[in-house]
$ cat model_10.cif   # mmCIF, C-alpha atoms and all ligand atoms
data_structure
#
loop_
_atom_site.label_atom_id
_atom_site.label_comp_id
_atom_site.auth_asym_id
_atom_site.auth_seq_id
_atom_site.Cartn_x
_atom_site.Cartn_y
_atom_site.Cartn_z
CA MET P 1 -15.19 -11.15 16.17
CA LYS P 2 -11.68 -12.32 17.14
CA ILE P 3 -8.38 -10.50 16.56
CA ARG P 4 -5.18 -12.57 16.66
CA LYS P 5 -1.83 -10.80 16.43
CA LEU P 6 0.70 -12.27 13.99
CA SER P 7 4.07 -13.35 15.36
CA GLY P 8 6.15 -10.46 13.95
CA THR P 9 6.17 -6.77 14.88
CA PHE P 10 2.82 -6.03 13.20
CA GLY P 11 -0.25 -7.49 11.48
CA ALA P 12 -3.27 -9.37 12.83
CA GLU P 13 -5.87 -11.84 11.60
CA VAL P 14 -9.51 -11.01 12.15
CA SER P 15 -11.97 -13.92 12.27
CA GLU P 16 -15.60 -14.62 13.10
CA ILE P 17 -16.75 -11.68 11.04
CA ASP P 18 -18.72 -11.62 7.77
CA LEU P 19 -17.95 -8.51 5.72
CA ARG P 20 -21.24 -8.93 3.79
CA GLU P 21 -23.11 -7.94 6.94
CA PRO P 22 -23.36 -4.42 8.42
CA LEU P 23 -20.88 -3.97 11.27
CA SER P 24 -22.08 -3.41 14.82
CA GLU P 25 -20.84 -0.23 16.51
CA GLY P 26 -18.74 -2.31 18.91
CA ASP P 27 -17.06 -4.32 16.13
CA LEU P 28 -16.36 -1.18 14.12
CA LYS P 29 -14.75 0.51 17.10
CA ALA P 30 -12.62 -2.57 17.79
CA LEU P 31 -11.63 -2.82 14.11
CA LYS P 32 -10.60 0.84 13.94
CA LYS P 33 -8.43 0.34 17.01
CA ALA P 34 -6.94 -2.88 15.62
CA PHE P 35 -6.24 -1.12 12.33
CA VAL P 36 -3.96 1.50 13.91
CA ASP P 37 -2.50 -0.89 16.49
CA HIS P 38 -1.63 -3.72 14.07
CA GLN P 39 -1.38 -1.72 10.80
CA VAL P 40 -2.24 -4.73 8.58
CA LEU P 41 -5.48 -6.69 9.07
CA ILE P 42 -6.20 -10.02 7.34
CA PHE P 43 -9.68 -11.45 6.88
CA HIS P 44 -9.88 -14.99 5.42
CA LYS P 45 -12.82 -16.67 3.64
CA GLN P 46 -14.81 -13.52 2.86
CA GLN P 47 -17.27 -14.16 0.03
CA ILE P 48 -17.92 -10.53 -0.82
CA GLU P 49 -19.06 -8.67 -3.91
CA PRO P 50 -17.59 -5.30 -4.97
CA GLN P 51 -20.40 -3.40 -3.20
CA HIS P 52 -19.57 -5.14 0.12
CA GLN P 53 -15.91 -4.19 -0.27
CA LEU P 54 -16.93 -0.61 -1.02
CA ALA P 55 -19.30 -0.39 1.97
CA PHE P 56 -16.62 -1.80 4.30
CA SER P 57 -13.92 0.53 2.92
CA ARG P 58 -16.13 3.59 3.52
CA HIS P 59 -15.80 3.07 7.27
CA PHE P 60 -12.13 4.08 6.93
CA GLY P 61 -12.43 7.35 5.01
CA PRO P 62 -13.62 8.70 1.66
CA VAL P 63 -13.11 6.04 -1.02
CA GLN P 64 -11.20 7.23 -4.07
CA LYS P 65 -11.84 6.56 -7.76
CA LEU P 66 -8.43 5.71 -9.18
CA TYR P 67 -6.91 4.36 -12.39
CA ALA P 68 -8.45 4.35 -15.88
CA GLU P 69 -12.20 3.87 -16.17
CA GLU P 70 -11.79 0.64 -18.18
CA HIS P 71 -9.96 -0.93 -15.24
CA ARG P 72 -12.74 -0.26 -12.73
CA ILE P 73 -15.77 -2.46 -12.01
CA ALA P 74 -18.50 -0.93 -14.23
CA ASP P 75 -21.30 -0.71 -11.64
CA CYS P 76 -18.95 -0.05 -8.71
CA PRO P 77 -16.24 2.26 -10.10
CA GLU P 78 -14.48 2.77 -6.77
CA VAL P 79 -13.34 -0.86 -7.06
CA VAL P 80 -10.33 -1.28 -9.35
CA VAL P 81 -9.22 -4.57 -10.89
CA LEU P 82 -5.51 -5.43 -10.62
CA THR P 83 -4.83 -8.31 -12.97
CA ASN P 84 -2.71 -9.78 -15.74
CA GLU P 85 -5.89 -11.05 -17.51
CA MET P 86 -6.28 -10.02 -21.15
CA ASN P 87 -9.39 -9.71 -23.29
CA ASP P 88 -8.77 -9.56 -27.08
CA GLY P 89 -5.16 -8.54 -26.38
CA LYS P 90 -6.23 -5.68 -24.09
CA PRO P 91 -5.52 -5.67 -20.32
CA VAL P 92 -8.72 -6.17 -18.29
CA GLY P 93 -7.19 -4.35 -15.31
CA VAL P 94 -4.03 -2.70 -14.06
CA VAL P 95 -1.00 -4.90 -14.82
CA ALA P 96 2.08 -4.85 -12.55
CA ALA P 97 0.52 -2.47 -10.00
CA GLY P 98 2.65 -1.77 -6.97
CA ASP P 99 5.74 -3.67 -8.04
CA TYR P 100 8.18 -1.60 -5.93
CA TRP P 101 8.06 -0.66 -2.22
CA HIS P 102 5.72 2.27 -1.67
CA SER P 103 3.04 3.89 0.45
CA ASP P 104 -0.06 4.60 -1.62
CA LEU P 105 -0.31 8.00 -3.30
CA SER P 106 2.64 9.52 -1.43
CA PRO P 107 3.30 11.86 -4.41
CA ASN P 108 -0.02 13.58 -3.52
CA LYS P 109 -0.31 16.44 -1.03
CA THR P 110 -2.88 14.25 0.74
CA PRO P 111 -1.73 10.63 0.34
CA GLY P 112 -3.78 7.46 0.80
CA LEU P 113 -4.94 6.18 4.17
CA ALA P 114 -6.34 2.64 4.04
CA THR P 115 -5.99 0.24 1.10
CA PHE P 116 -8.05 -2.96 0.77
CA LEU P 117 -7.15 -5.86 -1.54
CA TYR P 118 -9.49 -8.78 -2.11
CA ALA P 119 -8.20 -11.93 -3.85
CA ARG P 120 -10.47 -13.30 -6.60
CA LYS P 121 -8.01 -15.36 -8.70
CA LEU P 122 -4.52 -16.48 -7.78
CA PRO P 123 -1.60 -17.77 -9.85
CA SER P 124 -0.24 -21.27 -9.25
CA GLN P 125 2.92 -19.71 -7.78
CA GLY P 126 4.08 -16.27 -6.62
CA GLY P 127 1.77 -13.26 -6.41
CA ASP P 128 2.47 -12.56 -2.72
CA THR P 129 2.22 -9.06 -1.27
CA GLU P 130 4.89 -7.86 1.15
CA PHE P 131 4.35 -5.31 3.90
CA ALA P 132 6.97 -3.37 5.89
CA ASP P 133 6.32 -2.05 9.41
CA MET P 134 7.58 1.52 9.02
CA HIS P 135 7.21 2.23 12.76
CA ALA P 136 9.64 -0.60 13.51
CA VAL P 137 11.88 0.52 10.65
CA TYR P 138 12.10 4.01 12.14
CA GLU P 139 12.46 2.87 15.74
CA SER P 140 15.39 0.58 14.85
CA LEU P 141 17.41 3.28 13.07
CA PRO P 142 20.64 4.36 14.80
CA ASP P 143 20.14 7.55 16.88
CA THR P 144 22.55 9.44 14.59
CA THR P 145 20.36 8.65 11.56
CA LYS P 146 17.21 9.59 13.47
CA GLU P 147 18.77 12.98 14.29
CA ARG P 148 19.97 13.43 10.71
CA ILE P 149 16.53 12.88 9.15
CA ALA P 150 14.44 14.49 11.92
CA SER P 151 13.67 17.67 9.99
CA LEU P 152 14.30 16.51 6.41
CA ARG P 153 11.59 16.24 3.76
CA GLY P 154 11.57 13.58 1.06
CA LEU P 155 10.66 14.41 -2.53
CA HIS P 156 8.02 12.05 -3.95
CA ALA P 157 7.53 11.71 -7.73
CA VAL P 158 4.67 9.89 -9.42
CA SER P 159 6.39 9.25 -12.77
CA LYS P 160 8.57 6.14 -12.81
CA LEU P 161 10.65 7.84 -15.50
CA LYS P 162 11.98 10.27 -12.88
CA ASN P 163 13.22 7.45 -10.66
CA PRO P 164 16.43 5.66 -11.72
CA ARG P 165 15.84 3.00 -9.04
CA VAL P 166 12.78 1.53 -10.84
CA GLU P 167 11.89 0.10 -14.26
CA VAL P 168 8.75 0.46 -16.34
CA THR P 169 7.34 -3.02 -17.04
CA ARG P 170 3.60 -2.34 -17.61
CA PRO P 171 2.47 -2.60 -21.29
CA GLY P 172 2.23 0.99 -22.60
CA GLY P 173 3.91 2.16 -19.39
CA ALA P 174 6.49 4.47 -20.97
CA GLU P 175 3.75 6.57 -22.64
CA TYR P 176 1.67 6.54 -19.46
CA TYR P 177 4.53 7.76 -17.24
CA LYS P 178 5.78 10.31 -19.79
CA LYS P 179 2.50 12.21 -19.31
CA GLN P 180 3.20 12.32 -15.55
CA ASN P 181 6.66 13.86 -15.91
CA SER P 182 5.25 17.39 -15.65
CA ILE P 183 3.44 16.70 -12.33
CA PRO P 184 5.43 18.53 -9.62
CA ASP P 185 7.16 16.42 -6.98
CA GLN P 186 5.60 16.52 -3.52
CA SER P 187 7.63 16.91 -0.34
CA HIS P 188 6.70 15.18 2.92
CA PRO P 189 8.49 14.82 6.26
CA MET P 190 10.79 11.80 6.21
CA VAL P 191 9.73 11.10 9.78
CA ARG P 192 5.95 10.95 9.89
CA THR P 193 3.86 11.12 13.05
CA HIS P 194 0.77 8.92 13.09
CA PRO P 195 -2.23 11.21 13.68
CA VAL P 196 -4.04 8.66 15.88
CA THR P 197 -1.30 6.88 17.85
CA GLY P 198 1.39 9.59 17.82
CA ARG P 199 4.01 6.95 16.86
CA LYS P 200 6.72 7.95 14.40
CA SER P 201 7.51 6.11 11.19
CA LEU P 202 9.98 6.41 8.34
CA TYR P 203 8.02 7.89 5.44
CA VAL P 204 10.09 7.24 2.31
CA SER P 205 9.85 4.55 -0.35
CA LEU P 206 12.00 3.23 -3.15
CA ARG P 207 9.17 3.67 -5.69
CA PHE P 208 8.26 7.27 -4.96
CA THR P 209 11.02 9.05 -3.02
CA ILE P 210 13.52 10.36 -5.55
CA GLY P 211 15.41 12.96 -3.50
CA ILE P 212 15.51 15.09 -0.37
CA GLU P 213 14.43 18.73 -0.29
CA ASN P 214 17.32 21.22 -0.06
CA LEU P 215 19.95 18.47 -0.09
CA ASP P 216 22.35 17.76 -2.96
CA ASP P 217 22.03 14.35 -4.55
CA ALA P 218 25.63 13.63 -3.55
CA GLU P 219 24.40 13.58 0.04
CA ALA P 220 20.74 12.66 -0.45
CA GLN P 221 21.07 9.55 -2.64
CA PRO P 222 23.46 7.59 -0.37
CA LEU P 223 21.22 8.43 2.59
CA LEU P 224 18.13 7.19 0.71
CA ASP P 225 20.01 4.02 -0.32
CA GLU P 226 20.85 3.39 3.33
CA LEU P 227 17.22 3.91 4.41
CA PHE P 228 15.78 1.71 1.63
CA GLU P 229 18.24 -1.06 2.49
CA HIS P 230 17.28 -0.83 6.18
CA GLN P 231 13.55 -0.97 5.29
CA GLU P 232 14.01 -4.20 3.30
CA LYS P 233 15.40 -6.14 6.27
CA SER P 234 13.27 -9.20 6.92
CA ASP P 235 12.70 -8.32 10.60
CA PHE P 236 10.23 -5.63 9.54
CA ILE P 237 8.45 -7.52 6.78
CA TYR P 238 5.29 -9.58 6.67
CA ARG P 239 4.82 -11.51 3.43
CA HIS P 240 1.19 -12.31 2.70
CA LYS P 241 0.67 -15.57 0.82
CA TRP P 242 -2.79 -15.11 -0.57
CA GLN P 243 -5.69 -17.53 -0.39
CA ILE P 244 -8.78 -17.02 -2.52
CA ASP P 245 -11.34 -14.82 -0.69
CA ASP P 246 -8.73 -13.15 1.56
CA LEU P 247 -9.27 -9.47 2.18
CA VAL P 248 -6.23 -7.59 3.46
CA MET P 249 -6.26 -3.95 4.54
CA TRP P 250 -3.41 -1.77 5.74
CA ASP P 251 -2.57 1.68 7.03
CA ASN P 252 -0.46 3.59 4.49
CA ARG P 253 0.55 6.07 7.22
CA SER P 254 2.82 3.46 8.77
CA VAL P 255 3.18 0.65 6.22
CA ASN P 256 5.05 0.31 2.92
CA HIS P 257 4.08 -2.53 0.62
CA ARG P 258 4.87 -4.12 -2.73
CA ALA P 259 3.53 -6.77 -5.06
CA SER P 260 6.31 -9.34 -5.21
CA GLY P 261 5.41 -10.80 -8.66
CA GLY P 262 6.97 -14.16 -9.51
CA TYR P 263 4.21 -15.50 -11.80
CA ASP P 264 3.76 -15.77 -15.59
CA MET P 265 1.54 -13.52 -17.66
CA GLY P 266 -0.70 -16.51 -18.49
CA ASP P 267 -1.07 -17.54 -14.82
CA ILE P 268 -3.96 -15.34 -13.78
CA ARG P 269 -4.00 -13.20 -10.64
CA ARG P 270 -7.03 -10.98 -10.04
CA ILE P 271 -7.32 -8.66 -7.06
CA HIS P 272 -10.07 -6.12 -6.33
CA ARG P 273 -8.69 -2.93 -4.83
CA THR P 274 -10.26 -0.03 -2.92
CA SER P 275 -8.54 2.79 -1.08
CA THR P 276 -9.39 5.78 1.06
CA LEU P 277 -8.00 9.28 1.26
CA GLY P 278 -5.89 10.29 4.25
CA ASP P 279 -4.53 13.52 5.67
CA VAL P 280 -1.52 15.75 5.08
CA PRO P 281 1.52 14.04 6.66
CA PHE P 282 3.23 15.84 9.55
C1 LIG P 301 -0.82 -2.38 -4.79
O1 LIG P 301 0.28 -1.94 -4.52
O2 LIG P 301 -1.84 -1.67 -4.73
C2 LIG P 301 -0.99 -3.82 -5.22
C3 LIG P 301 -0.24 -4.83 -4.45
C4 LIG P 301 -0.50 -6.23 -4.95
O3 LIG P 301 -1.19 -6.41 -5.96
O4 LIG P 301 0.02 -7.18 -4.34
#
$ encode --input "model_10.cif" --output "structure tokens"
Amino acid sequence: MKIRKLSGTFGAEVSEIDLREPLSEGDLKALKKAFVDHQVLIFHKQQIEPQHQLAFSRHFGPVQKLYAEEHRIADCPEVVVLTNEMNDGKPVGVVAAGDYWHSDLSPNKTPGLATFLYARKLPSQGGDTEFADMHAVYESLPDTTKERIASLRGLHAVSKLKNPRVEVTRPGGAEYYKKQNSIPDQSHPMVRTHPVTGRKSLYVSLRFTIGIENLDDAEAQPLLDELFEHQEKSDFIYRHKWQIDDLVMWDNRSVNHRASGGYDMGDIRRIHRTSTLGDVPF
């Protein structure tokens, strides 16, 4: 197995590994280290089935069963289909998943840890996924901002309807999100410490962070705008241009991501997704 760092602040390509095969102890140890060191790992030319993706994901924590049952792979329900494919006018999978910057499941008390996407079908243009290095984002903040946010907690809401910064584009989305309006917001430290490396990261996202605990919106919203704008600077971003059979995994404790769209509804993109449960942020 070879690990080659990408040219930016984070991310690495892993080669000479076949994810259909059981991992040796040595490779697993090296992969776990690479995962926290590089935050995003890219594996090209993996010809895996859903059960291989599930078995690999399990090495990085308990795999979750997310989204509606009809959008999961029937005999491997931990694997969710993200796609714009339709069957008899009904979506085959989750449409427009992850279309704003976020860290997975941050509105939960225990948010997501690792997420794995595997490319099965790609549109003729667009469909990239962008990743932001939230360690680098935090480290490059001015000292005054670091001091200002050091003990603040962001409020994370699951319903898009509670967030004026985002729009609902998914078919049937308004009904879906209306049901989530009653779910209480979750607060997390805005500066998160990585439990393995001890590095700090900025833990807010445009999709989920709608306010700051115990701070009036008059003060909180401009601060969030400033942080979101800083996060979107290209110095901290890796844009993954997918190839069929790529598997990409990342660490939600230190990475924000978004699906960048840019393709038509009839131009099919199909991604198989798994994710694991993390720990309470501190
Ligand atoms: C996600 O946020 O889980 C999906 C990202 C993508 O499809 O590019």
$ atom_distance --input "model_10.cif" --atom1 "atom CA of Pro171 of chain P" --atom2 "atom O3 of ligand LIG 301 (chain P)"
16.2 Å
$ residues_around --input "model_10.cif" --residues "segment 54-62 of chain P" --least-positions-apart "4" --cutoff "10 Å" --atoms "all atoms listed in the file" --output "VMD selection string"
chain P and resid 19 to 23 28 31 to 32 35 48 to 50 76 to 79 112 to 116 249 251 273 to 278
$ closest_residue --input "model_10.cif" --among "P:Trp101, P:Phe208, P:Tyr203, P:Phe236" --to "ligand LIG 301 (chain P)" --atoms "all atoms listed in the file"
P:Trp101
$ residues_near_point --input "model_10.cif" --point "(4.9, -13.9, -7.9)" --cutoff "7 Å" --atoms "only C-alpha atoms" --output "list in words"
Gln125, Gly126, Gly127, Asp128, Ser260, Gly261, Gly262 and Tyr263 of chain P
$ residues_around --input "model_10.cif" --residues "segment 181-189 of chain P" --least-positions-apart "2" --cutoff "12 Å" --atoms "all atoms listed in the file" --output "ChimeraX atom specification"
/P:105-111,149-163,174-179,191-194,200-205,208-214,253,279-282
$ build_atoms --input "model_10.cif" --residues "segment 121-132 of chain P" --atoms "all heavy atoms" --output "JSON list (two decimals), in the coordinates of the input"
[["chain", "number", "residue", "atom", "x", "y", "z"],
["P", 121, "LYS", "N", -8.68, -14.26, -7.97],
["P", 121, "LYS", "CA", -8.01, -15.36, -8.70],
["P", 121, "LYS", "C", -6.54, -15.29, -8.36],
["P", 121, "LYS", "O", -5.98, -14.19, -8.30],
["P", 121, "LYS", "CB", -8.16, -15.17, -10.22],
["P", 121, "LYS", "CG", -9.55, -15.35, -10.75],
["P", 121, "LYS", "CD", -9.58, -15.22, -12.26],
["P", 121, "LYS", "CE", -11.04, -15.21, -12.72],
["P", 121, "LYS", "NZ", -11.15, -14.94, -14.15],
["P", 122, "LEU", "N", -5.93, -16.48, -8.17],
["P", 122, "LEU", "CA", -4.52, -16.48, -7.78],
["P", 122, "LEU", "C", -3.69, -17.36, -8.71],
["P", 122, "LEU", "O", -4.17, -18.41, -9.16],
["P", 122, "LEU", "CB", -4.38, -16.97, -6.34],
["P", 122, "LEU", "CG", -4.98, -16.01, -5.30],
["P", 122, "LEU", "CD1", -5.00, -16.65, -3.92],
["P", 122, "LEU", "CD2", -4.20, -14.69, -5.26],
["P", 123, "PRO", "N", -2.46, -16.95, -8.99],
["P", 123, "PRO", "CA", -1.60, -17.77, -9.85],
["P", 123, "PRO", "C", -1.15, -19.03, -9.11],
["P", 123, "PRO", "O", -1.26, -19.11, -7.89],
["P", 123, "PRO", "CB", -0.41, -16.83, -10.12],
["P", 123, "PRO", "CG", -0.38, -15.89, -8.97],
["P", 123, "PRO", "CD", -1.79, -15.73, -8.50],
["P", 124, "SER", "N", -0.65, -20.00, -9.88],
["P", 124, "SER", "CA", -0.24, -21.27, -9.25],
["P", 124, "SER", "C", 1.00, -21.08, -8.38],
["P", 124, "SER", "O", 1.29, -21.87, -7.50],
["P", 124, "SER", "CB", 0.00, -22.33, -10.31],
["P", 124, "SER", "OG", 0.91, -21.83, -11.27],
["P", 125, "GLN", "N", 1.78, -20.04, -8.66],
["P", 125, "GLN", "CA", 2.92, -19.71, -7.78],
["P", 125, "GLN", "C", 3.12, -18.19, -7.76],
["P", 125, "GLN", "O", 2.69, -17.49, -8.67],
["P", 125, "GLN", "CB", 4.19, -20.40, -8.27],
["P", 125, "GLN", "CG", 4.52, -20.03, -9.70],
["P", 125, "GLN", "CD", 5.84, -20.65, -10.14],
["P", 125, "GLN", "OE1", 6.41, -21.46, -9.43],
["P", 125, "GLN", "NE2", 6.34, -20.23, -11.28],
["P", 126, "GLY", "N", 3.78, -17.71, -6.72],
["P", 126, "GLY", "CA", 4.08, -16.27, -6.62],
["P", 126, "GLY", "C", 2.82, -15.44, -6.34],
["P", 126, "GLY", "O", 1.81, -15.96, -5.86],
["P", 127, "GLY", "N", 2.92, -14.14, -6.61],
["P", 127, "GLY", "CA", 1.77, -13.26, -6.41],
["P", 127, "GLY", "C", 1.59, -12.78, -4.98],
["P", 127, "GLY", "O", 0.54, -12.21, -4.64],
["P", 128, "ASP", "N", 2.59, -13.01, -4.11],
["P", 128, "ASP", "CA", 2.47, -12.56, -2.72],
["P", 128, "ASP", "C", 2.53, -11.03, -2.64],
["P", 128, "ASP", "O", 3.04, -10.37, -3.56],
["P", 128, "ASP", "CB", 3.63, -13.09, -1.86],
["P", 128, "ASP", "CG", 3.75, -14.60, -1.90],
["P", 128, "ASP", "OD1", 2.78, -15.27, -2.31],
["P", 128, "ASP", "OD2", 4.82, -15.11, -1.51],
["P", 129, "THR", "N", 2.05, -10.49, -1.55],
["P", 129, "THR", "CA", 2.22, -9.06, -1.27],
["P", 129, "THR", "C", 3.05, -8.93, 0.01],
["P", 129, "THR", "O", 2.76, -9.63, 0.99],
["P", 129, "THR", "CB", 0.86, -8.34, -1.10],
["P", 129, "THR", "OG1", 0.06, -8.63, -2.24],
["P", 129, "THR", "CG2", 1.03, -6.83, -0.98],
["P", 130, "GLU", "N", 4.04, -8.06, -0.03],
["P", 130, "GLU", "CA", 4.89, -7.86, 1.15],
["P", 130, "GLU", "C", 4.54, -6.52, 1.81],
["P", 130, "GLU", "O", 4.26, -5.54, 1.11],
["P", 130, "GLU", "CB", 6.36, -7.85, 0.76],
["P", 130, "GLU", "CG", 6.86, -9.20, 0.33],
["P", 130, "GLU", "CD", 8.30, -9.10, -0.13],
["P", 130, "GLU", "OE1", 8.53, -8.61, -1.25],
["P", 130, "GLU", "OE2", 9.18, -9.49, 0.64],
["P", 131, "PHE", "N", 4.63, -6.51, 3.13],
["P", 131, "PHE", "CA", 4.35, -5.31, 3.90],
["P", 131, "PHE", "C", 5.52, -5.02, 4.83],
["P", 131, "PHE", "O", 6.09, -5.96, 5.41],
["P", 131, "PHE", "CB", 3.08, -5.50, 4.75],
["P", 131, "PHE", "CG", 1.85, -5.77, 3.91],
["P", 131, "PHE", "CD1", 1.45, -7.07, 3.63],
["P", 131, "PHE", "CD2", 1.12, -4.72, 3.38],
["P", 131, "PHE", "CE1", 0.33, -7.31, 2.83],
["P", 131, "PHE", "CE2", 0.00, -4.95, 2.59],
["P", 131, "PHE", "CZ", -0.39, -6.26, 2.32],
["P", 132, "ALA", "N", 5.87, -3.75, 4.98],
["P", 132, "ALA", "CA", 6.97, -3.37, 5.89],
["P", 132, "ALA", "C", 6.41, -2.48, 6.99],
["P", 132, "ALA", "O", 5.67, -1.51, 6.72],
["P", 132, "ALA", "CB", 8.06, -2.63, 5.13]]
